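Worksheet: one structure, shown below.
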Amino acid sequence: MTARSLRRGTAAVLAALAACAALTATPAQAAPARGGLTPATKFYADPHGKAAEQALVDLRNGDLQNAANMARLASWPQATWFTEGTPEEVRGKVGTLVRRAGAAHRTPVLVAYNVPGRDCSQYSSGGAASSAAYRQWIDAFAAGIGDRAAAVVVEPDGLALLPRDCGPATDPTGELTATRLADLAYAVKTLKARPRTAVYLDAGNVQWRAVGDMAQRLLDAGVRQGDGFSLNVSNMHPTDHNARYGTWVAKCMWFATEGPEWARGHADWCAGQYYSSAAPNDGTPGNSVSSADPATWRWTDAWFDQNAGTPPADELSHFVIDTSRNGRGAWTPEPGKYSGDPEPWCNAPGRGLGPRPTADTGVPLADAYLWIKVPGESDGSCTRGTGGTVDPEYGIVDPPAGAWWPDQAHALARNAVPRLTFNH
């Protein structure tokens with residue numbers, strides 16, 4: 001590279017970072033007073049985030065291509081996670097973020113991730129010491145938001161991975177699960193009490209809990225006190241697959257609560273991504289539902305058409321979808337490569353950024369596509385069931401969960417679908 005081209009590249013990257021910072025001062029329509037999202041909602045991009053810092057590091061190293069990609073990445077809104085701290089600390093940090101976003105006339109996306117016993121004590125273990133401590137933390141979180149606009153994702157995996165799912169010895173009496181559900185309901189209600197806060201309770205993803213199971217969990221955790229639920233957080237399943245799943249879950253909740261009298265309390269009767277009684281289920285290929293073959297999901301659609309009809313649109317829960325790493329869909333390892341759990345959700349190789357964050361999705365029940373998982377942050381030290389410490393996909397010990405991983409950030413940006421451009 002010539003000195004002249006290096007100077008041009010450096011100037012371009014610095015200009016991009018300056019433009020990214022300028023976005024925070026550009027007037028835009030704020031979230032409506034009632035606290036919901038509309039297609040006109042604009043989300044906040046932190047000009048001092050990790051991608052912006054990485055752009056400067058790459059620039060100093062003379063890596064102009066990656067520096068430019070990191071500048072582009074930094075221009076797009078990404079969620080801010082709150083995972084620990086005293087009530088006073090979280091109130092202060094949340095307050096600082098929403099004030100900065102408010103000054104820019106943008107809506108920040110926040111993640112509350114501190115429920116006791118989170119992640120079954122796996123890669124992202126931690127959380128508050130008790131239910132009482134968690135509720136104090138949530139009270140402070142809500143106080144930090146105050147009357148400013150915000151969108152909050154409540155406890156990724158907290159509902160899809162209840163204590164009773166962690167193993168037979170974890171919650172033999174069911175008390176921990178009941179407490180978890182009550183804590184999640186408290187968080188949703190408390191956060192939604194703020195006048196301009198949109199609240200989405202996490203519901204896993206399309207390849208996890210069956211539709212009826214997740215619908216009942218959401219109802220038990222008070223999802224109707226908020227704006228809806230979130231899908232695909234920290235995962236890579238296609239956007240349209242999650243949108244279809246989310247629509248079924250929303251219809252299932254309606255079916256079991258507001259639908260036919262005979263259906264009341266029976267979310268477990270709903271068809272889903274694994275089974276539909278509307279299918280012949282006669283062993284002929286395509287005549288039963290397969291979660292791996294969306295072409296067979298027509299049988300699930302048929303079940304809802306037959307049993308739920310067309311529910312009133314204003315009685316259905318909405319959802320948001322994490323598209324931060326699903327541009328190339330989910331990762332499937334080579335057949336036979338791993339004898340144990342290949343952990344396809346964990347730092348999956350070859351993935352790319354997905355659809356850009358927007359509240360104008362064009363999907364009736366999808367309030368927004370968001371980058372909830374921060375692109376470039378590790379999922380944890382994945383081992384693919386090998387029993388060792390090295391991730392065989394990368395040949396290294398992966399960084400701890402939540403740690404910034406420059407190589408992963410670079411790969412996600414290079415592999416973005418659609419191609420990564422600057423956010424104007």
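We name chains A, B, ... following the order of the structure tokens; residues begin at 1 in each chain, and ligands are numbered from 1 as shown.
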### Task
Name the residues of segment 375-423 of chain A that fall into strand (DSSP E or B) according to DSSP on the backbone, using the chain letters and numbers of this document, as number ranges by chain.
A: 377, 391, 396, 404
Using DSSP on the backbone coordinates, identify the residues of segment 112-261 of chain A assigned to alpha helix (DSSP H); present them as a PDB file with N, CA, C and O atoms, in the first residue's frame.
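So out-v9.pdb came out as:
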```pdb
ATOM      1  N   SER A 131     -33.849 -13.461  45.303  1.00  0.00           N
ATOM      2  CA  SER A 131     -34.996 -12.820  44.669  1.00  0.00           C
ATOM      3  C   SER A 131     -35.166 -11.384  45.169  1.00  0.00           C
ATOM      4  O   SER A 131     -35.424 -10.469  44.386  1.00  0.00           O
ATOM      5  N   ALA A 132     -35.017 -11.186  46.451  1.00  0.00           N
ATOM      6  CA  ALA A 132     -35.161  -9.844  47.012  1.00  0.00           C
ATOM      7  C   ALA A 132     -34.116  -8.894  46.440  1.00  0.00           C
ATOM      8  O   ALA A 132     -34.418  -7.745  46.087  1.00  0.00           O
ATOM      9  N   ALA A 133     -32.863  -9.386  46.320  1.00  0.00           N
ATOM     10  CA  ALA A 133     -31.803  -8.545  45.750  1.00  0.00           C
ATOM     11  C   ALA A 133     -32.095  -8.229  44.291  1.00  0.00           C
ATOM     12  O   ALA A 133     -31.836  -7.106  43.830  1.00  0.00           O
ATOM     13  N   TYR A 134     -32.607  -9.204  43.570  1.00  0.00           N
ATOM     14  CA  TYR A 134     -32.930  -8.975  42.159  1.00  0.00           C
ATOM     15  C   TYR A 134     -34.013  -7.917  42.011  1.00  0.00           C
ATOM     16  O   TYR A 134     -33.901  -7.028  41.154  1.00  0.00           O
ATOM     17  N   ARG A 135     -35.018  -7.986  42.826  1.00  0.00           N
ATOM     18  CA  ARG A 135     -36.111  -7.009  42.711  1.00  0.00           C
ATOM     19  C   ARG A 135     -35.637  -5.599  43.059  1.00  0.00           C
ATOM     20  O   ARG A 135     -36.079  -4.616  42.444  1.00  0.00           O
ATOM     21  N   GLN A 136     -34.750  -5.492  44.015  1.00  0.00           N
ATOM     22  CA  GLN A 136     -34.172  -4.172  44.314  1.00  0.00           C
ATOM     23  C   GLN A 136     -33.367  -3.659  43.118  1.00  0.00           C
ATOM     24  O   GLN A 136     -33.396  -2.464  42.797  1.00  0.00           O
ATOM     25  N   TRP A 137     -32.652  -4.576  42.482  1.00  0.00           N
ATOM     26  CA  TRP A 137     -31.858  -4.221  41.304  1.00  0.00           C
ATOM     27  C   TRP A 137     -32.766  -3.764  40.161  1.00  0.00           C
ATOM     28  O   TRP A 137     -32.477  -2.762  39.487  1.00  0.00           O
ATOM     29  N   ILE A 138     -33.885  -4.463  39.955  1.00  0.00           N
ATOM     30  CA  ILE A 138     -34.839  -4.082  38.919  1.00  0.00           C
ATOM     31  C   ILE A 138     -35.480  -2.732  39.243  1.00  0.00           C
ATOM     32  O   ILE A 138     -35.674  -1.880  38.353  1.00  0.00           O
ATOM     33  N   ASP A 139     -35.815  -2.512  40.499  1.00  0.00           N
ATOM     34  CA  ASP A 139     -36.365  -1.210  40.898  1.00  0.00           C
ATOM     35  C   ASP A 139     -35.403  -0.090  40.517  1.00  0.00           C
ATOM     36  O   ASP A 139     -35.810   0.967  39.995  1.00  0.00           O
ATOM     37  N   ALA A 140     -34.122  -0.317  40.779  1.00  0.00           N
ATOM     38  CA  ALA A 140     -33.114   0.692  40.463  1.00  0.00           C
ATOM     39  C   ALA A 140     -32.945   0.856  38.960  1.00  0.00           C
ATOM     40  O   ALA A 140     -32.756   1.975  38.463  1.00  0.00           O
ATOM     41  N   PHE A 141     -33.001  -0.238  38.236  1.00  0.00           N
ATOM     42  CA  PHE A 141     -32.921  -0.211  36.773  1.00  0.00           C
ATOM     43  C   PHE A 141     -34.034   0.676  36.214  1.00  0.00           C
ATOM     44  O   PHE A 141     -33.795   1.565  35.381  1.00  0.00           O
ATOM     45  N   ALA A 142     -35.265   0.442  36.686  1.00  0.00           N
ATOM     46  CA  ALA A 142     -36.400   1.228  36.228  1.00  0.00           C
ATOM     47  C   ALA A 142     -36.263   2.694  36.621  1.00  0.00           C
ATOM     48  O   ALA A 142     -36.583   3.602  35.839  1.00  0.00           O
ATOM     49  N   ALA A 143     -35.766   2.939  37.828  1.00  0.00           N
ATOM     50  CA  ALA A 143     -35.572   4.319  38.276  1.00  0.00           C
ATOM     51  C   ALA A 143     -34.548   5.030  37.407  1.00  0.00           C
ATOM     52  O   ALA A 143     -34.675   6.236  37.128  1.00  0.00           O
ATOM     53  N   GLY A 144     -33.524   4.300  36.960  1.00  0.00           N
ATOM     54  CA  GLY A 144     -32.533   4.899  36.075  1.00  0.00           C
ATOM     55  C   GLY A 144     -33.125   5.329  34.748  1.00  0.00           C
ATOM     56  O   GLY A 144     -32.740   6.355  34.177  1.00  0.00           O
ATOM     57  N   ILE A 145     -34.091   4.578  34.254  1.00  0.00           N
ATOM     58  CA  ILE A 145     -34.764   4.953  33.002  1.00  0.00           C
ATOM     59  C   ILE A 145     -35.623   6.189  33.212  1.00  0.00           C
ATOM     60  O   ILE A 145     -35.641   7.100  32.388  1.00  0.00           O
ATOM     61  N   GLU A 175     -39.787 -24.939  43.693  1.00  0.00           N
ATOM     62  CA  GLU A 175     -39.792 -23.612  44.322  1.00  0.00           C
ATOM     63  C   GLU A 175     -38.942 -22.610  43.556  1.00  0.00           C
ATOM     64  O   GLU A 175     -39.329 -21.447  43.392  1.00  0.00           O
ATOM     65  N   LEU A 176     -37.782 -23.044  43.070  1.00  0.00           N
ATOM     66  CA  LEU A 176     -36.911 -22.122  42.336  1.00  0.00           C
ATOM     67  C   LEU A 176     -37.558 -21.666  41.042  1.00  0.00           C
ATOM     68  O   LEU A 176     -37.438 -20.496  40.658  1.00  0.00           O
ATOM     69  N   THR A 177     -38.242 -22.575  40.377  1.00  0.00           N
ATOM     70  CA  THR A 177     -38.908 -22.210  39.123  1.00  0.00           C
ATOM     71  C   THR A 177     -40.050 -21.238  39.390  1.00  0.00           C
ATOM     72  O   THR A 177     -40.223 -20.253  38.653  1.00  0.00           O
ATOM     73  N   ALA A 178     -40.828 -21.495  40.414  1.00  0.00           N
ATOM     74  CA  ALA A 178     -41.914 -20.582  40.746  1.00  0.00           C
ATOM     75  C   ALA A 178     -41.375 -19.195  41.081  1.00  0.00           C
ATOM     76  O   ALA A 178     -41.954 -18.169  40.678  1.00  0.00           O
ATOM     77  N   THR A 179     -40.260 -19.148  41.801  1.00  0.00           N
ATOM     78  CA  THR A 179     -39.657 -17.863  42.136  1.00  0.00           C
ATOM     79  C   THR A 179     -39.142 -17.163  40.888  1.00  0.00           C
ATOM     80  O   THR A 179     -39.300 -15.932  40.735  1.00  0.00           O
ATOM     81  N   ARG A 180     -38.517 -17.923  39.980  1.00  0.00           N
ATOM     82  CA  ARG A 180     -38.035 -17.329  38.724  1.00  0.00           C
ATOM     83  C   ARG A 180     -39.189 -16.685  37.951  1.00  0.00           C
ATOM     84  O   ARG A 180     -39.076 -15.554  37.470  1.00  0.00           O
ATOM     85  N   LEU A 181     -40.294 -17.401  37.812  1.00  0.00           N
ATOM     86  CA  LEU A 181     -41.438 -16.866  37.078  1.00  0.00           C
ATOM     87  C   LEU A 181     -41.958 -15.589  37.739  1.00  0.00           C
ATOM     88  O   LEU A 181     -42.283 -14.611  37.059  1.00  0.00           O
ATOM     89  N   ALA A 182     -42.026 -15.603  39.064  1.00  0.00           N
ATOM     90  CA  ALA A 182     -42.494 -14.421  39.786  1.00  0.00           C
ATOM     91  C   ALA A 182     -41.525 -13.253  39.629  1.00  0.00           C
ATOM     92  O   ALA A 182     -41.942 -12.095  39.484  1.00  0.00           O
ATOM     93  N   ASP A 183     -40.226 -13.539  39.637  1.00  0.00           N
ATOM     94  CA  ASP A 183     -39.222 -12.480  39.465  1.00  0.00           C
ATOM     95  C   ASP A 183     -39.305 -11.869  38.069  1.00  0.00           C
ATOM     96  O   ASP A 183     -39.187 -10.646  37.898  1.00  0.00           O
ATOM     97  N   LEU A 184     -39.480 -12.714  37.054  1.00  0.00           N
ATOM     98  CA  LEU A 184     -39.603 -12.198  35.690  1.00  0.00           C
ATOM     99  C   LEU A 184     -40.861 -11.342  35.549  1.00  0.00           C
ATOM    100  O   LEU A 184     -40.831 -10.276  34.922  1.00  0.00           O
ATOM    101  N   ALA A 185     -41.958 -11.802  36.129  1.00  0.00           N
ATOM    102  CA  ALA A 185     -43.193 -11.025  36.080  1.00  0.00           C
ATOM    103  C   ALA A 185     -43.008  -9.680  36.781  1.00  0.00           C
ATOM    104  O   ALA A 185     -43.510  -8.643  36.319  1.00  0.00           O
ATOM    105  N   TYR A 186     -42.281  -9.689  37.894  1.00  0.00           N
ATOM    106  CA  TYR A 186     -42.016  -8.442  38.610  1.00  0.00           C
ATOM    107  C   TYR A 186     -41.195  -7.489  37.734  1.00  0.00           C
ATOM    108  O   TYR A 186     -41.475  -6.279  37.679  1.00  0.00           O
ATOM    109  N   ALA A 187     -40.194  -8.031  37.061  1.00  0.00           N
ATOM    110  CA  ALA A 187     -39.352  -7.187  36.209  1.00  0.00           C
ATOM    111  C   ALA A 187     -40.162  -6.570  35.072  1.00  0.00           C
ATOM    112  O   ALA A 187     -40.051  -5.366  34.789  1.00  0.00           O
ATOM    113  N   VAL A 188     -40.987  -7.377  34.420  1.00  0.00           N
ATOM    114  CA  VAL A 188     -41.791  -6.857  33.315  1.00  0.00           C
ATOM    115  C   VAL A 188     -42.720  -5.744  33.806  1.00  0.00           C
ATOM    116  O   VAL A 188     -42.797  -4.656  33.208  1.00  0.00           O
ATOM    117  N   LYS A 189     -43.434  -6.009  34.885  1.00  0.00           N
ATOM    118  CA  LYS A 189     -44.397  -5.029  35.401  1.00  0.00           C
ATOM    119  C   LYS A 189     -43.710  -3.751  35.856  1.00  0.00           C
ATOM    120  O   LYS A 189     -44.182  -2.636  35.583  1.00  0.00           O
ATOM    121  N   THR A 190     -42.590  -3.901  36.566  1.00  0.00           N
ATOM    122  CA  THR A 190     -41.893  -2.730  37.105  1.00  0.00           C
ATOM    123  C   THR A 190     -41.315  -1.861  36.005  1.00  0.00           C
ATOM    124  O   THR A 190     -41.428  -0.621  36.034  1.00  0.00           O
ATOM    125  N   LEU A 191     -40.695  -2.490  35.020  1.00  0.00           N
ATOM    126  CA  LEU A 191     -40.109  -1.720  33.911  1.00  0.00           C
ATOM    127  C   LEU A 191     -41.187  -1.070  33.061  1.00  0.00           C
ATOM    128  O   LEU A 191     -41.044   0.068  32.613  1.00  0.00           O
ATOM    129  N   LYS A 192     -42.278  -1.788  32.825  1.00  0.00           N
ATOM    130  CA  LYS A 192     -43.343  -1.243  31.985  1.00  0.00           C
ATOM    131  C   LYS A 192     -44.082  -0.104  32.675  1.00  0.00           C
ATOM    132  O   LYS A 192     -44.749   0.706  32.009  1.00  0.00           O
ATOM    133  N   VAL A 211     -43.801 -24.422  20.647  1.00  0.00           N
ATOM    134  CA  VAL A 211     -44.677 -23.254  20.668  1.00  0.00           C
ATOM    135  C   VAL A 211     -45.571 -23.234  21.910  1.00  0.00           C
ATOM    136  O   VAL A 211     -45.643 -22.233  22.632  1.00  0.00           O
ATOM    137  N   GLY A 212     -46.269 -24.330  22.176  1.00  0.00           N
ATOM    138  CA  GLY A 212     -47.182 -24.350  23.314  1.00  0.00           C
ATOM    139  C   GLY A 212     -46.477 -24.199  24.639  1.00  0.00           C
ATOM    140  O   GLY A 212     -46.972 -23.521  25.555  1.00  0.00           O
ATOM    141  N   ASP A 213     -45.326 -24.833  24.777  1.00  0.00           N
ATOM    142  CA  ASP A 213     -44.535 -24.734  25.998  1.00  0.00           C
ATOM    143  C   ASP A 213     -44.120 -23.293  26.238  1.00  0.00           C
ATOM    144  O   ASP A 213     -44.291 -22.747  27.343  1.00  0.00           O
ATOM    145  N   MET A 214     -43.577 -22.639  25.215  1.00  0.00           N
ATOM    146  CA  MET A 214     -43.122 -21.268  25.397  1.00  0.00           C
ATOM    147  C   MET A 214     -44.286 -20.319  25.620  1.00  0.00           C
ATOM    148  O   MET A 214     -44.200 -19.383  26.432  1.00  0.00           O
ATOM    149  N   ALA A 215     -45.396 -20.542  24.928  1.00  0.00           N
ATOM    150  CA  ALA A 215     -46.560 -19.686  25.136  1.00  0.00           C
ATOM    151  C   ALA A 215     -47.006 -19.727  26.599  1.00  0.00           C
ATOM    152  O   ALA A 215     -47.299 -18.689  27.205  1.00  0.00           O
ATOM    153  N   GLN A 216     -47.046 -20.923  27.192  1.00  0.00           N
ATOM    154  CA  GLN A 216     -47.468 -21.031  28.579  1.00  0.00           C
ATOM    155  C   GLN A 216     -46.455 -20.395  29.516  1.00  0.00           C
ATOM    156  O   GLN A 216     -46.829 -19.730  30.502  1.00  0.00           O
ATOM    157  N   ARG A 217     -45.176 -20.573  29.241  1.00  0.00           N
ATOM    158  CA  ARG A 217     -44.155 -19.943  30.087  1.00  0.00           C
ATOM    159  C   ARG A 217     -44.284 -18.425  30.052  1.00  0.00           C
ATOM    160  O   ARG A 217     -44.162 -17.749  31.085  1.00  0.00           O
ATOM    161  N   LEU A 218     -44.510 -17.876  28.884  1.00  0.00           N
ATOM    162  CA  LEU A 218     -44.676 -16.430  28.767  1.00  0.00           C
ATOM    163  C   LEU A 218     -45.886 -15.942  29.562  1.00  0.00           C
ATOM    164  O   LEU A 218     -45.814 -14.931  30.276  1.00  0.00           O
ATOM    165  N   LEU A 219     -46.989 -16.664  29.446  1.00  0.00           N
ATOM    166  CA  LEU A 219     -48.176 -16.285  30.202  1.00  0.00           C
ATOM    167  C   LEU A 219     -47.913 -16.360  31.700  1.00  0.00           C
ATOM    168  O   LEU A 219     -48.305 -15.464  32.459  1.00  0.00           O
ATOM    169  N   ASP A 220     -47.234 -17.416  32.131  1.00  0.00           N
ATOM    170  CA  ASP A 220     -46.940 -17.588  33.552  1.00  0.00           C
ATOM    171  C   ASP A 220     -46.023 -16.491  34.085  1.00  0.00           C
ATOM    172  O   ASP A 220     -46.063 -16.162  35.276  1.00  0.00           O
ATOM    173  N   THR A 239     -34.036 -14.959  10.331  1.00  0.00           N
ATOM    174  CA  THR A 239     -35.041 -14.006  10.791  1.00  0.00           C
ATOM    175  C   THR A 239     -36.442 -14.474  10.468  1.00  0.00           C
ATOM    176  O   THR A 239     -37.346 -14.414  11.326  1.00  0.00           O
ATOM    177  N   ASP A 240     -36.678 -14.953   9.244  1.00  0.00           N
ATOM    178  CA  ASP A 240     -38.031 -15.351   8.870  1.00  0.00           C
ATOM    179  C   ASP A 240     -38.500 -16.572   9.656  1.00  0.00           C
ATOM    180  O   ASP A 240     -39.689 -16.700   9.953  1.00  0.00           O
ATOM    181  N   HIS A 241     -37.589 -17.467  10.025  1.00  0.00           N
ATOM    182  CA  HIS A 241     -37.975 -18.617  10.831  1.00  0.00           C
ATOM    183  C   HIS A 241     -38.442 -18.159  12.215  1.00  0.00           C
ATOM    184  O   HIS A 241     -39.448 -18.645  12.741  1.00  0.00           O
ATOM    185  N   ASN A 242     -37.714 -17.222  12.818  1.00  0.00           N
ATOM    186  CA  ASN A 242     -38.117 -16.714  14.120  1.00  0.00           C
ATOM    187  C   ASN A 242     -39.412 -15.921  14.045  1.00  0.00           C
ATOM    188  O   ASN A 242     -40.232 -15.979  14.966  1.00  0.00           O
ATOM    189  N   ALA A 243     -39.608 -15.189  12.960  1.00  0.00           N
ATOM    190  CA  ALA A 243     -40.851 -14.430  12.808  1.00  0.00           C
ATOM    191  C   ALA A 243     -42.050 -15.369  12.722  1.00  0.00           C
ATOM    192  O   ALA A 243     -43.122 -15.091  13.288  1.00  0.00           O
ATOM    193  N   ARG A 244     -41.873 -16.475  12.048  1.00  0.00           N
ATOM    194  CA  ARG A 244     -42.968 -17.444  11.942  1.00  0.00           C
ATOM    195  C   ARG A 244     -43.249 -18.067  13.308  1.00  0.00           C
ATOM    196  O   ARG A 244     -44.404 -18.214  13.711  1.00  0.00           O
ATOM    197  N   TYR A 245     -42.199 -18.433  14.007  1.00  0.00           N
ATOM    198  CA  TYR A 245     -42.327 -18.982  15.358  1.00  0.00           C
ATOM    199  C   TYR A 245     -42.999 -17.984  16.288  1.00  0.00           C
ATOM    200  O   TYR A 245     -43.925 -18.322  17.036  1.00  0.00           O
ATOM    201  N   GLY A 246     -42.542 -16.736  16.245  1.00  0.00           N
ATOM    202  CA  GLY A 246     -43.123 -15.713  17.104  1.00  0.00           C
ATOM    203  C   GLY A 246     -44.606 -15.509  16.844  1.00  0.00           C
ATOM    204  O   GLY A 246     -45.391 -15.321  17.780  1.00  0.00           O
ATOM    205  N   THR A 247     -44.998 -15.575  15.588  1.00  0.00           N
ATOM    206  CA  THR A 247     -46.408 -15.430  15.239  1.00  0.00           C
ATOM    207  C   THR A 247     -47.225 -16.591  15.794  1.00  0.00           C
ATOM    208  O   THR A 247     -48.327 -16.406  16.316  1.00  0.00           O
ATOM    209  N   TRP A 248     -46.681 -17.808  15.708  1.00  0.00           N
ATOM    210  CA  TRP A 248     -47.381 -18.960  16.295  1.00  0.00           C
ATOM    211  C   TRP A 248     -47.512 -18.819  17.804  1.00  0.00           C
ATOM    212  O   TRP A 248     -48.573 -19.098  18.369  1.00  0.00           O
ATOM    213  N   VAL A 249     -46.439 -18.398  18.473  1.00  0.00           N
ATOM    214  CA  VAL A 249     -46.481 -18.246  19.928  1.00  0.00           C
ATOM    215  C   VAL A 249     -47.540 -17.215  20.310  1.00  0.00           C
ATOM    216  O   VAL A 249     -48.318 -17.418  21.254  1.00  0.00           O
ATOM    217  N   ALA A 250     -47.577 -16.096  19.589  1.00  0.00           N
ATOM    218  CA  ALA A 250     -48.564 -15.061  19.873  1.00  0.00           C
ATOM    219  C   ALA A 250     -49.982 -15.598  19.684  1.00  0.00           C
ATOM    220  O   ALA A 250     -50.878 -15.350  20.507  1.00  0.00           O
ATOM    221  N   LYS A 251     -50.212 -16.340  18.616  1.00  0.00           N
ATOM    222  CA  LYS A 251     -51.537 -16.911  18.368  1.00  0.00           C
ATOM    223  C   LYS A 251     -51.884 -17.971  19.403  1.00  0.00           C
ATOM    224  O   LYS A 251     -53.046 -18.096  19.814  1.00  0.00           O
ATOM    225  N   CYS A 252     -50.882 -18.732  19.842  1.00  0.00           N
ATOM    226  CA  CYS A 252     -51.125 -19.759  20.846  1.00  0.00           C
ATOM    227  C   CYS A 252     -51.538 -19.133  22.171  1.00  0.00           C
ATOM    228  O   CYS A 252     -52.446 -19.639  22.855  1.00  0.00           O
ATOM    229  N   MET A 253     -50.878 -18.040  22.564  1.00  0.00           N
ATOM    230  CA  MET A 253     -51.270 -17.369  23.799  1.00  0.00           C
ATOM    231  C   MET A 253     -52.710 -16.868  23.705  1.00  0.00           C
ATOM    232  O   MET A 253     -53.482 -16.982  24.658  1.00  0.00           O
ATOM    233  N   TRP A 254     -53.072 -16.334  22.548  1.00  0.00           N
ATOM    234  CA  TRP A 254     -54.455 -15.875  22.349  1.00  0.00           C
ATOM    235  C   TRP A 254     -55.423 -17.053  22.389  1.00  0.00           C
ATOM    236  O   TRP A 254     -56.471 -16.996  23.039  1.00  0.00           O
ATOM    237  N   PHE A 255     -55.073 -18.128  21.709  1.00  0.00           N
ATOM    238  CA  PHE A 255     -55.899 -19.333  21.658  1.00  0.00           C
ATOM    239  C   PHE A 255     -56.220 -19.846  23.057  1.00  0.00           C
ATOM    240  O   PHE A 255     -57.357 -20.214  23.377  1.00  0.00           O
ATOM    241  N   ALA A 256     -55.212 -19.838  23.939  1.00  0.00           N
ATOM    242  CA  ALA A 256     -55.365 -20.415  25.271  1.00  0.00           C
ATOM    243  C   ALA A 256     -55.993 -19.464  26.280  1.00  0.00           C
ATOM    244  O   ALA A 256     -56.323 -19.882  27.404  1.00  0.00           O
ATOM    245  N   THR A 257     -56.170 -18.190  25.911  1.00  0.00           N
ATOM    246  CA  THR A 257     -56.708 -17.214  26.855  1.00  0.00           C
ATOM    247  C   THR A 257     -57.948 -16.489  26.352  1.00  0.00           C
ATOM    248  O   THR A 257     -58.885 -16.244  27.101  1.00  0.00           O
TER     249      THR A 257
END
```
### Query
Restricting the calculation to only C-alpha atoms, which member of A:Ser381, A:Thr107, A:Ser317, A:Asn69 is positioned closest to Tyr200 of chain A?
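The shortest atom-to-atom distance to Tyr200 of chain A comes from A:Ser317.
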## Note on the structure
Residue with the minimum atom-to-atom distance to Ala52 of chain A, picked from A:Pro406, A:Pro195, A:Gly283, A:Gly354 with only C-alpha atoms counted, is A:Pro406
### Query
Could you pull the residues within 10 Å of Gly158 of chain A, counting only C-alpha atoms, minus those fewer than 4 positions along the same chain, as a count of residues only?
18
### Query
Which of these, A:Ala68, A:Trp76, A:Phe43, A:Gln306, has the shortest distance to Ala55 of chain A once you count only C-alpha atoms?
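That would be A:Ala68, the residue with the smallest distance to Ala55 of chain A.
Considering only C-alpha atoms, the residue among A:Gly350, A:Pro357, A:Gly376, A:Pro108 positioned nearest to Asn423 of chain A is A:Pro357.
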### Nearest to Arg194 of chain A by atom-to-atom distance, counting only C-alpha atoms, from A:Val152, A:Leu231, A:Val223, A:His410
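When distances to Arg194 of chain A are compared using only C-alpha atoms, the smallest one comes from A:Val152.
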### Message
Counting only C-alpha atoms, which residue out of A:Ala302, A:Ala308, A:Met236, A:Ile321 sits closest to Cys346 of chain A?
### Response
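Among the listed residues, the smallest separation from Cys346 of chain A belongs to A:Met236.
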### Query
At what distance in Å, to one decimal, does atom CA of Pro77 of chain A lie from atom CA of Thr38 of chain A?
16.2 Å
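Distance-wise, atom CA of Met70 of chain A and atom CA of Trp331 of chain A end up 23.2 Å apart.
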### Message
Can you measure atom CA of Thr80 of chain A to atom CA of Leu412 of chain A for me? One decimal in Å is fine.
### Response
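Interatomic distance here is 18.5 Å.
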